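Peer 1: The structure that follows is given in the form of structure tokens.
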Amino acid sequence: MEAFDYVVVGAGTAGCLLANRLSADPAVRVLLLEAGKRDNYIWVHIPVGYLYCMGNPRTDWLFETVAERGLNGRALKYPRGKVWGGCSSINGMIYMRGQSGDYDGWAKQNPGWSWDEVLPYFRRHEDHYSLDGGGENPAHGHGGEWRVEQQRLSWPILSAFREAAEQSGIPPTDDFTRGDNFGCGYFEVNQRRGVRWSAAKGFLHPVLGRSNLVVISGARVNRLVLGGEGGRQVTGVEYRVDDGAVTVAEARREVVMAAGSIGTTQILQRSGIGAGAHLQGAGIKPQVELAGVGGNLQDHLQLRTIFRVRPGVTTLNGLANSIWGKAWMGMQYALFKRGPMTMAPSQLGAFAKSDPGQASANLEWHIQPLSLDRFGEPLHRFPAFTASVCNLRPTSRGTVLVSSPDPEEAPLIAPNYLSTSEDRDVAVKAVRMTRQIVAAPALREFKPQEYLPGAEVDSDEDLARAAGDIGATIFHPVGTCKMGPEDDPLAVVDARLRVHGIRGLRVADASVMPTITSGNTCSPVLMIAERAAEMIRSDHG
């Protein structure tokens with residue numbers, strides 16, 4: 001057994017930042033455990049490489065959901081990063097904070113988490129392109145580890161969609177991160193000069209030379225070690241590297257869970273922390289009763305509406321299905337780090353209300369100059385674009401539950417998509433709004449024709465069912481270790497991210513979100529980790 005002051009579980013988005021901040025104190029020793037490998041796979045770095053990282057056992061856990069009733073019996077692949085940088089090494093690279101109302105809502109039960117209070121933590125590690133030449137921009141920070149840039153390509157079809165959105169009442173915007181993201185514009189991305197910028201590059205690689213930081217790859221955590229009075233103190237972490245012997249790392253101060261909404265939940269449950277009745281049924285001895293572990297799962301379900309356009313319109317479908325097109329894309333990237341190989345999965349975004357009764361924008365569109373039947377399959381051979389739209393604040397709640405103590409066995413992931421009438425109603429309105437935008441004058445010259453779900457699908461009942469056919473995860477699972485007061489039956493951690501009823505254990509990843517943020521979730525996770533690091537150092541003097 002080797003002793004450390006802090007053991008951080010997971011070298012993903014949150015874990016890389018935590019390791020950086022905690023090891024900044026030379027008086028402490030920090031161990032960072034990661035089940036995946038180093039981020040030295042070429043497709044981690046080329047932006048379009050997400051196509052080769054998701055569904056790849058080298059970089060993805062290869063999770064799947066259960067068959068979902070709301071998706072008409074379909075199960076979805078559920079990518080999660082298994083590599084240094086975690087999901088920030090395989091995701092869509094979109095820089096987004098969410099809305100001020102998200103955090104003000106958190107703060108009603110969790111003091112210290114309002115928008116005004118979290119904004120400095122976003123800015124603390126930000127390196128925003130708008131400040132490269134100096135000057136002032138109170139919304140953004142400069143010189144931090146988290147690089148934010150503009151995209152390095154444009155498409156006429158997307159510019160026309162932006163104009164059509166404006167004609168439909170969604171104004172142009174050049175910044176989605178000021179607290180109210182209503183509008184339409186090109187997403188900013190976490191890249192540096194056309195190369196993906198991950199949490200591993202920003203926070204972990206620069207500090208690997210610190211003598212007080214130890215990083216172990218391929219470390220599969222079996223369980224947390226509980227001891228102390230009443231067995232309610234975490235004293236270490238039991239893990240195995242490849243086929244080696246089981247090792248226990250002692251944590252003199254804290255274990256910090258940063259394995260994400262799926263990984264953190266699995267490890268807590270395998271350690272006997274969770275709903276006792278379920279744990280017993282899974283063959284795990286209950287240690288600490290915390291019914292909320294694995295509950296409150298929330299995710300953004302994108303409805304993938306696809307529109308064919310007239311022949312001759314430039315889309316990625318045509319380029320990717322042409323030898324000359326592929327050669328041109330490769331040359332652009334090799335020589336200039338520009339062109340389609342720098343693409344985030346979605347280039348243009350839009351936010352709006354599904355109806356006037358919404359307090360703020362509750363829909364997000366990801367518009368792409370491409371189309372395919374499902375992720376991982378070839379692009380269509382006809383020119384088309386996809387306008388995916390998701391409900392930012394779903395009322396459906398799901399679960400993540402282990403089915404055995406075996407760390408090699410995947411958990412049962414049940415997002416429970418479209419399980420409420422509110423979510424089905426928003427889905428219907430979202431498709432109708434998409435059709436309204438596409439019918440605007442700015443897109444007429446492209447002659448868009450609806451391919452999915454199809455113009456013949458028109459009644460509310462048929463559209464609600466079609467939503468189950470065209471819905472897919474947008475990879476934002478959160479909430480399975482909810483932050484909240486001790487009298488909240490689903491709360492797992494308090495406002496300082498300490499696990500209720502257990503000493504020496506904290507959670508600092510997407511699982512602590514009480515409710516999902518109104519946008520992409522990667523950068524909010526970094527903010528959570530930034531706050532957690534400060535809290536940990538403050539608590540231990």
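Here's how to read the names in the structure tokens: chain A, B, ... by the order shown, residue numbers from 1 in each chain, ligand numbers from 1 in the order shown.
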Range 339-354 of chain A: which residues within 7 Å, counting only C-alpha atoms, same-chain residues fewer than 4 positions away excluded, as a ChimeraX atom specification?
Peer 2: /A:46-48,92-93,152-153,158,170,181-187,194,329,332-333,358,360-368,426,429-430
Peer 1: Convert the current residue selection to file output with C-alpha atoms, as an mmCIF file, in the first residue's frame.
Peer 2:
data_model
loop_
_atom_site.group_PDB
_atom_site.id
_atom_site.type_symbol
_atom_site.label_atom_id
_atom_site.label_comp_id
_atom_site.auth_asym_id
_atom_site.auth_seq_id
_atom_site.Cartn_x
_atom_site.Cartn_y
_atom_site.Cartn_z
ATOM 1 C CA ILE A 46 -7.456 15.612 -35.413
ATOM 2 C CA PRO A 47 -10.860 17.223 -34.792
ATOM 3 C CA VAL A 48 -12.812 14.989 -37.169
ATOM 4 C CA GLY A 92 -17.684 17.597 -30.187
ATOM 5 C CA MET A 93 -15.312 20.298 -28.835
ATOM 6 C CA ARG A 152 -11.710 27.362 -39.319
ATOM 7 C CA LEU A 153 -14.259 26.678 -42.067
ATOM 8 C CA LEU A 158 -25.126 26.829 -42.844
ATOM 9 C CA ILE A 170 -34.087 33.751 -33.879
ATOM 10 C CA ASN A 181 -27.812 31.895 -25.293
ATOM 11 C CA PHE A 182 -30.914 32.840 -27.323
ATOM 12 C CA GLY A 183 -29.861 33.285 -30.942
ATOM 13 C CA CYS A 184 -28.124 31.583 -33.844
ATOM 14 C CA GLY A 185 -24.427 31.541 -34.670
ATOM 15 C CA TYR A 186 -21.340 29.456 -35.222
ATOM 16 C CA PHE A 187 -20.159 27.481 -32.209
ATOM 17 C CA GLY A 194 -7.095 23.408 -36.020
ATOM 18 C CA MET A 329 -9.814 17.700 -47.443
ATOM 19 C CA GLN A 332 -6.201 21.391 -46.643
ATOM 20 C CA TYR A 333 -5.591 19.894 -43.229
ATOM 21 C CA GLN A 358 -40.695 29.162 -21.352
ATOM 22 C CA SER A 360 -35.626 31.155 -21.492
ATOM 23 C CA ALA A 361 -34.480 29.209 -24.539
ATOM 24 C CA ASN A 362 -35.228 25.527 -23.978
ATOM 25 C CA LEU A 363 -34.267 24.212 -27.428
ATOM 26 C CA GLU A 364 -30.802 23.842 -28.938
ATOM 27 C CA TRP A 365 -30.118 23.078 -32.591
ATOM 28 C CA HIS A 366 -26.892 21.526 -33.872
ATOM 29 C CA ILE A 367 -26.816 22.083 -37.640
ATOM 30 C CA GLN A 368 -24.463 20.009 -39.779
ATOM 31 C CA VAL A 426 -41.566 19.771 -26.497
ATOM 32 C CA LYS A 429 -42.930 21.590 -31.054
ATOM 33 C CA ALA A 430 -39.202 21.267 -31.756
#
Peer 1: Residues near Pro311 in chain A, anyone? I mean within 12 Å using only C-alpha atoms, not counting same-chain ones fewer than 3 positions away, as a count of residues only.
Peer 2: 14
Peer 1: A:Asn520, A:Asn56, A:Thr13, A:Gln287: which is nearest Gly376 in chain A, counting only C-alpha atoms?
Peer 2: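 Using only C-alpha atoms, the shortest distance to Gly376 in chain A belongs to A:Asn56.
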Peer 1: Looking at only C-alpha atoms, which of A:Ile306, A:Gly357, A:Gly144, A:Arg196 is the one that sits closest to Lys337 in chain A?
Peer 2: A:Arg196
Peer 1: Select, from A:Ala200, A:Ala414, A:Val492, A:Met331, the residue with the minimum atom-to-atom distance to Ile90 in chain A, counting only C-alpha atoms.
Peer 2: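 Using only C-alpha atoms, the shortest distance to Ile90 in chain A belongs to A:Ala200.
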Peer 1: Write down as a ChimeraX atom specification the residues belonging to range 386-517 of chain A that are assigned strand (DSSP E or B) by DSSP computed on the backbone.
Peer 2: /A:386-391,398-401,412-414,449-452,471-473,478,483,493,498-499,503,505-507
Peer 1: Just give me the gap between CA of Val400 in chain A and CA of Leu279 in chain A in Å, one decimal is fine.
Peer 2: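 Taking CA of Val400 in chain A as the start and CA of Leu279 in chain A as the end point, the length is 12.3 Å.
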Peer 1: Running DSSP on the backbone, which parts of range 218-282 of chain A land in helix (DSSP H, G or I), as a list in words?
Peer 2: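 So, restricting range 218-282 of chain A to helix (DSSP H, G or I), we get Glu229, Gly230, Gly231, Gly260, Ser261, Ile262, Gly263, Thr264, Thr265, Gln266, Ile267, Leu268, Gln269, Arg270, Gly276, Ala277, His278, Leu279, Gln280 and Gly281 of chain A.
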Peer 1: Would you please work out which residue, of A:Arg232, A:Arg223, A:Arg397, A:Arg253, is nearest to Gln269 in chain A when using only C-alpha atoms?
Peer 2: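 Comparing A:Arg232, A:Arg223, A:Arg397, A:Arg253 against Gln269 in chain A, the winner is A:Arg223.
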Peer 1: Counting only C-alpha atoms, which residue out of A:Pro138, A:Val8, A:Glu409, A:Ala219 sits closest to Phe63 in chain A?
Peer 2: A:Glu409
Peer 1: Would you kindly return, as a PyMOL selection string, each protein, DNA or RNA residue with an atom no farther than 10 Å from any atom of Glu64 in chain A, considering only C-alpha atoms and excluding same-chain residues fewer than 4 positions away?
Peer 2: chain A and resi 75-79+410-414
Peer 1: Report the distance between CA of Pro405 in chain A and CA of Ala282 in chain A in Å, rounded to one decimal place.
Peer 2: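 Separation between CA of Pro405 in chain A and CA of Ala282 in chain A: 7.0 Å.
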Peer 1: Closest to Lys201 in chain A among A:Asp355, A:Asp242, A:Asp39, A:Glu534, using only C-alpha atoms?
Peer 2: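 Closest to Lys201 in chain A, using only C-alpha atoms: A:Asp39.
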Peer 1: Report as a list of chain:residue names all protein, DNA and RNA residues lying within 8 Å of Glu238 in chain A, evaluated on only C-alpha atoms, omitting residues in the same chain fewer than 2 positions from it.
Peer 2: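 Near neighbours after the sequence-gap exclusion: A:Val221, A:Asn222, A:Arg223, A:Leu224, A:Val225, A:Gly236, A:Arg240, A:Val246, A:Thr247, A:Val248, A:Ala249.
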Peer 1: Keeping only all heavy atoms, take the residues you just selected and write them out as a compact mmCIF listing (two decimals), in the first residue's frame.
Peer 2:
# COMPACT_ATOMS: atom_id res chain seq x y z
N VAL A 221 -10.55 0.62 -11.26
CA VAL A 221 -10.90 0.69 -9.84
C VAL A 221 -11.96 -0.35 -9.51
O VAL A 221 -13.03 -0.39 -10.13
CB VAL A 221 -11.38 2.10 -9.46
CG1 VAL A 221 -11.92 2.12 -8.04
CG2 VAL A 221 -10.25 3.11 -9.61
N ASN A 222 -11.64 -1.19 -8.54
CA ASN A 222 -12.62 -2.17 -8.08
C ASN A 222 -13.63 -1.54 -7.12
O ASN A 222 -14.83 -1.68 -7.29
CB ASN A 222 -11.92 -3.34 -7.36
CG ASN A 222 -11.04 -4.14 -8.28
OD1 ASN A 222 -11.28 -4.20 -9.49
ND2 ASN A 222 -10.01 -4.77 -7.72
N ARG A 223 -13.08 -0.85 -6.11
CA ARG A 223 -13.95 -0.28 -5.09
C ARG A 223 -13.17 0.72 -4.26
O ARG A 223 -11.94 0.80 -4.33
CB ARG A 223 -14.49 -1.38 -4.17
CG ARG A 223 -13.40 -2.09 -3.36
CD ARG A 223 -13.94 -3.22 -2.52
NE ARG A 223 -12.86 -3.85 -1.75
CZ ARG A 223 -12.51 -3.48 -0.51
NH1 ARG A 223 -13.17 -2.49 0.09
NH2 ARG A 223 -11.52 -4.08 0.13
N LEU A 224 -13.91 1.49 -3.47
CA LEU A 224 -13.32 2.36 -2.46
C LEU A 224 -13.19 1.58 -1.17
O LEU A 224 -14.02 0.72 -0.86
CB LEU A 224 -14.21 3.59 -2.24
CG LEU A 224 -14.55 4.41 -3.49
CD1 LEU A 224 -15.46 5.58 -3.11
CD2 LEU A 224 -13.30 4.90 -4.19
N VAL A 225 -12.14 1.87 -0.41
CA VAL A 225 -11.92 1.19 0.87
C VAL A 225 -12.54 2.03 1.97
O VAL A 225 -12.18 3.21 2.14
CB VAL A 225 -10.42 0.99 1.13
CG1 VAL A 225 -10.21 0.28 2.47
CG2 VAL A 225 -9.79 0.18 -0.01
N GLY A 236 -9.06 4.73 1.16
CA GLY A 236 -8.22 4.43 0.02
C GLY A 236 -9.03 3.90 -1.16
O GLY A 236 -10.26 3.87 -1.13
N ARG A 240 -6.75 -2.38 -9.97
CA ARG A 240 -5.91 -3.38 -10.64
C ARG A 240 -5.45 -2.80 -11.97
O ARG A 240 -6.24 -2.19 -12.69
CB ARG A 240 -6.70 -4.66 -10.88
CG ARG A 240 -5.90 -5.79 -11.53
CD ARG A 240 -6.83 -6.91 -12.01
NE ARG A 240 -7.57 -7.51 -10.92
CZ ARG A 240 -7.16 -8.55 -10.21
NH1 ARG A 240 -5.98 -9.10 -10.48
NH2 ARG A 240 -7.90 -9.05 -9.24
N VAL A 246 -4.04 -6.91 -7.27
CA VAL A 246 -4.84 -5.82 -6.73
C VAL A 246 -3.96 -4.94 -5.85
O VAL A 246 -3.18 -5.43 -5.04
CB VAL A 246 -6.03 -6.37 -5.92
CG1 VAL A 246 -6.74 -5.25 -5.16
CG2 VAL A 246 -7.01 -7.08 -6.84
N THR A 247 -4.07 -3.64 -6.04
CA THR A 247 -3.30 -2.66 -5.28
C THR A 247 -4.26 -1.75 -4.53
O THR A 247 -5.34 -1.42 -5.04
CB THR A 247 -2.41 -1.81 -6.21
OG1 THR A 247 -1.53 -2.66 -6.92
CG2 THR A 247 -1.62 -0.79 -5.43
N VAL A 248 -3.86 -1.34 -3.34
CA VAL A 248 -4.64 -0.37 -2.58
C VAL A 248 -3.80 0.89 -2.40
O VAL A 248 -2.66 0.82 -1.91
CB VAL A 248 -5.07 -0.91 -1.20
CG1 VAL A 248 -5.76 0.18 -0.39
CG2 VAL A 248 -5.99 -2.11 -1.37
N ALA A 249 -4.34 2.01 -2.82
CA ALA A 249 -3.69 3.30 -2.60
C ALA A 249 -4.37 3.98 -1.42
O ALA A 249 -5.59 4.19 -1.44
CB ALA A 249 -3.80 4.17 -3.84
Peer 1: Residues near range 175-178 of chain A, anyone? I mean within 7 Å using only C-alpha atoms, not counting same-chain ones fewer than 5 positions away, as a PyMOL selection string.
Peer 2: chain A and resi 96-98+139
Peer 1: Now that the selection is made, can you save its residues with N, CA, C and O atoms as a short mmCIF file (atom, residue, chain, number, x, y, z; two decimals), in the first residue's frame?
Peer 2:
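The resulting file, again-v1.cif, is shown below:
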data_model
loop_
_atom_site.label_atom_id
_atom_site.label_comp_id
_atom_site.auth_asym_id
_atom_site.auth_seq_id
_atom_site.Cartn_x
_atom_site.Cartn_y
_atom_site.Cartn_z
N MET A 96 -19.34 25.77 -24.34
CA MET A 96 -20.65 26.25 -23.90
C MET A 96 -20.69 26.26 -22.38
O MET A 96 -20.12 25.37 -21.74
N ARG A 97 -21.36 27.25 -21.81
CA ARG A 97 -21.48 27.32 -20.36
C ARG A 97 -22.87 26.96 -19.85
O ARG A 97 -23.01 26.54 -18.71
N GLY A 98 -23.89 27.17 -20.69
CA GLY A 98 -25.25 27.06 -20.20
C GLY A 98 -25.82 28.44 -19.95
O GLY A 98 -25.25 29.46 -20.36
N ALA A 139 -16.80 39.04 -20.23
CA ALA A 139 -17.43 37.73 -20.27
C ALA A 139 -16.41 36.60 -20.34
O ALA A 139 -16.76 35.44 -20.08
#
Peer 1: Name the residues in contact with Arg506 in chain A at a cut-off of 9 Å, using only C-alpha atoms, excluding same-chain residues fewer than 3 positions from it; report them as an mmCIF file with all heavy atoms, in the first residue's frame.
Peer 2:
data_model
loop_
_atom_site.group_PDB
_atom_site.id
_atom_site.type_symbol
_atom_site.label_atom_id
_atom_site.label_comp_id
_atom_site.auth_asym_id
_atom_site.auth_seq_id
_atom_site.Cartn_x
_atom_site.Cartn_y
_atom_site.Cartn_z
ATOM 1 N N GLU A 254 -8.242 12.787 1.158
ATOM 2 C CA GLU A 254 -9.500 12.564 0.452
ATOM 3 C C GLU A 254 -9.303 11.702 -0.779
ATOM 4 O O GLU A 254 -8.231 11.705 -1.390
ATOM 5 C CB GLU A 254 -10.112 13.902 -0.029
ATOM 6 C CG GLU A 254 -10.680 14.788 1.044
ATOM 7 C CD GLU A 254 -11.515 15.925 0.453
ATOM 8 O OE1 GLU A 254 -12.016 15.784 -0.682
ATOM 9 O OE2 GLU A 254 -11.664 16.949 1.144
ATOM 10 N N VAL A 255 -10.382 11.018 -1.131
ATOM 11 C CA VAL A 255 -10.547 10.458 -2.468
ATOM 12 C C VAL A 255 -11.515 11.367 -3.203
ATOM 13 O O VAL A 255 -12.577 11.721 -2.665
ATOM 14 C CB VAL A 255 -11.087 9.018 -2.420
ATOM 15 C CG1 VAL A 255 -11.478 8.547 -3.822
ATOM 16 C CG2 VAL A 255 -10.056 8.078 -1.810
ATOM 17 N N VAL A 256 -11.157 11.752 -4.417
ATOM 18 C CA VAL A 256 -12.014 12.623 -5.215
ATOM 19 C C VAL A 256 -12.460 11.849 -6.455
ATOM 20 O O VAL A 256 -11.634 11.457 -7.283
ATOM 21 C CB VAL A 256 -11.285 13.920 -5.634
ATOM 22 C CG1 VAL A 256 -12.277 14.877 -6.299
ATOM 23 C CG2 VAL A 256 -10.626 14.578 -4.432
ATOM 24 N N MET A 257 -13.752 11.618 -6.564
ATOM 25 C CA MET A 257 -14.300 10.883 -7.698
ATOM 26 C C MET A 257 -14.491 11.831 -8.873
ATOM 27 O O MET A 257 -15.177 12.848 -8.759
ATOM 28 C CB MET A 257 -15.632 10.238 -7.326
ATOM 29 C CG MET A 257 -15.541 9.192 -6.219
ATOM 30 S SD MET A 257 -14.429 7.828 -6.622
ATOM 31 C CE MET A 257 -15.138 7.259 -8.166
ATOM 32 N N ALA A 258 -13.895 11.475 -10.015
ATOM 33 C CA ALA A 258 -14.014 12.286 -11.227
ATOM 34 C C ALA A 258 -14.145 11.370 -12.440
ATOM 35 O O ALA A 258 -13.598 11.643 -13.503
ATOM 36 C CB ALA A 258 -12.799 13.199 -11.372
ATOM 37 N N VAL A 493 -24.312 14.468 -2.701
ATOM 38 C CA VAL A 493 -23.259 15.334 -2.185
ATOM 39 C C VAL A 493 -23.861 16.652 -1.722
ATOM 40 O O VAL A 493 -24.942 17.051 -2.167
ATOM 41 C CB VAL A 493 -22.167 15.612 -3.251
ATOM 42 C CG1 VAL A 493 -21.532 14.320 -3.716
ATOM 43 C CG2 VAL A 493 -22.739 16.389 -4.431
ATOM 44 N N ARG A 496 -20.594 21.552 -1.004
ATOM 45 C CA ARG A 496 -19.135 21.521 -1.116
ATOM 46 C C ARG A 496 -18.670 20.202 -1.732
ATOM 47 O O ARG A 496 -17.497 19.855 -1.663
ATOM 48 C CB ARG A 496 -18.466 21.770 0.233
ATOM 49 C CG ARG A 496 -18.740 23.189 0.757
ATOM 50 C CD ARG A 496 -17.953 23.506 2.019
ATOM 51 N NE ARG A 496 -16.513 23.619 1.808
ATOM 52 C CZ ARG A 496 -15.897 24.694 1.294
ATOM 53 N NH1 ARG A 496 -16.601 25.750 0.943
ATOM 54 N NH2 ARG A 496 -14.577 24.707 1.155
ATOM 55 N N LEU A 497 -19.614 19.490 -2.319
ATOM 56 C CA LEU A 497 -19.367 18.269 -3.094
ATOM 57 C C LEU A 497 -18.869 17.105 -2.252
ATOM 58 O O LEU A 497 -18.349 16.104 -2.776
ATOM 59 C CB LEU A 497 -18.388 18.552 -4.245
ATOM 60 C CG LEU A 497 -18.780 19.731 -5.154
ATOM 61 C CD1 LEU A 497 -17.762 19.880 -6.283
ATOM 62 C CD2 LEU A 497 -20.177 19.569 -5.714
ATOM 63 N N ARG A 498 -19.068 17.173 -0.922
ATOM 64 C CA ARG A 498 -18.729 16.068 -0.029
ATOM 65 C C ARG A 498 -19.894 15.087 0.005
ATOM 66 O O ARG A 498 -21.054 15.493 0.118
ATOM 67 C CB ARG A 498 -18.443 16.597 1.373
ATOM 68 C CG ARG A 498 -17.265 17.566 1.443
ATOM 69 C CD ARG A 498 -17.187 18.286 2.771
ATOM 70 N NE ARG A 498 -18.372 19.101 3.015
ATOM 71 C CZ ARG A 498 -18.440 20.083 3.903
ATOM 72 N NH1 ARG A 498 -17.372 20.394 4.629
ATOM 73 N NH2 ARG A 498 -19.554 20.779 4.080
ATOM 74 N N VAL A 499 -19.576 13.805 -0.057
ATOM 75 C CA VAL A 499 -20.635 12.793 -0.050
ATOM 76 C C VAL A 499 -21.295 12.754 1.325
ATOM 77 O O VAL A 499 -20.620 12.687 2.356
ATOM 78 C CB VAL A 499 -20.068 11.413 -0.425
ATOM 79 C CG1 VAL A 499 -21.157 10.336 -0.314
ATOM 80 C CG2 VAL A 499 -19.495 11.451 -1.838
ATOM 81 N N ILE A 502 -20.331 10.398 4.648
ATOM 82 C CA ILE A 502 -19.045 9.702 4.483
ATOM 83 C C ILE A 502 -17.922 10.723 4.558
ATOM 84 O O ILE A 502 -17.959 11.741 3.878
ATOM 85 C CB ILE A 502 -18.980 8.945 3.136
ATOM 86 C CG1 ILE A 502 -20.137 7.950 3.010
ATOM 87 C CG2 ILE A 502 -17.643 8.222 2.991
ATOM 88 C CD1 ILE A 502 -20.167 7.220 1.688
ATOM 89 N N ARG A 503 -16.922 10.445 5.354
ATOM 90 C CA ARG A 503 -15.774 11.330 5.459
ATOM 91 C C ARG A 503 -14.719 10.943 4.421
ATOM 92 O O ARG A 503 -14.564 9.781 4.065
ATOM 93 C CB ARG A 503 -15.179 11.262 6.871
ATOM 94 C CG ARG A 503 -16.146 11.706 7.967
ATOM 95 C CD ARG A 503 -15.520 11.622 9.351
ATOM 96 N NE ARG A 503 -15.102 10.269 9.704
ATOM 97 C CZ ARG A 503 -15.920 9.316 10.148
ATOM 98 N NH1 ARG A 503 -17.219 9.573 10.298
ATOM 99 N NH2 ARG A 503 -15.461 8.115 10.443
ATOM 100 N N ALA A 532 -14.236 22.643 -7.037
ATOM 101 C CA ALA A 532 -13.926 21.556 -6.109
ATOM 102 C C ALA A 532 -12.490 21.643 -5.624
ATOM 103 O O ALA A 532 -12.207 21.464 -4.429
ATOM 104 C CB ALA A 532 -14.185 20.210 -6.786
ATOM 105 N N ILE A 536 -11.369 21.883 -1.770
ATOM 106 C CA ILE A 536 -10.521 20.865 -1.140
ATOM 107 C C ILE A 536 -9.315 21.520 -0.476
ATOM 108 O O ILE A 536 -9.001 21.241 0.690
ATOM 109 C CB ILE A 536 -10.069 19.837 -2.192
ATOM 110 C CG1 ILE A 536 -11.264 19.006 -2.678
ATOM 111 C CG2 ILE A 536 -8.984 18.920 -1.619
ATOM 112 C CD1 ILE A 536 -10.984 18.216 -3.940
#
Peer 1: Can you write out as a tab-separated table which residues of range 258-343 of chain A fall within 9 Å of range 473-478 of chain A, alongside each residue's closest atom pair and its distance in Å to one decimal, counting only C-alpha atoms and ordering rows by chain and ascending residue number?
Peer 2:
residue	atom	partner	partner_atom	distance
A:Gly260	CA	A:Val478	CA	8.0
A:Ser261	CA	A:Val478	CA	5.5
A:Ile262	CA	A:Pro477	CA	7.9
A:Asn296	CA	A:Val478	CA	8.1
A:Leu297	CA	A:Val478	CA	5.8
A:Gln298	CA	A:Val478	CA	5.4
A:Asp299	CA	A:Pro477	CA	4.6
A:His300	CA	A:Ile474	CA	5.8
A:Leu301	CA	A:Thr473	CA	4.8
A:Gln302	CA	A:Ile474	CA	5.9
A:Leu303	CA	A:Thr473	CA	8.9
Peer 1: Could you work out how far CA of Ser217 in chain A lies from CA of Leu18 in chain A, giving the answer in Å with one decimal?
Peer 2: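 Separating CA of Leu18 in chain A from CA of Ser217 in chain A is a distance of 16.2 Å.
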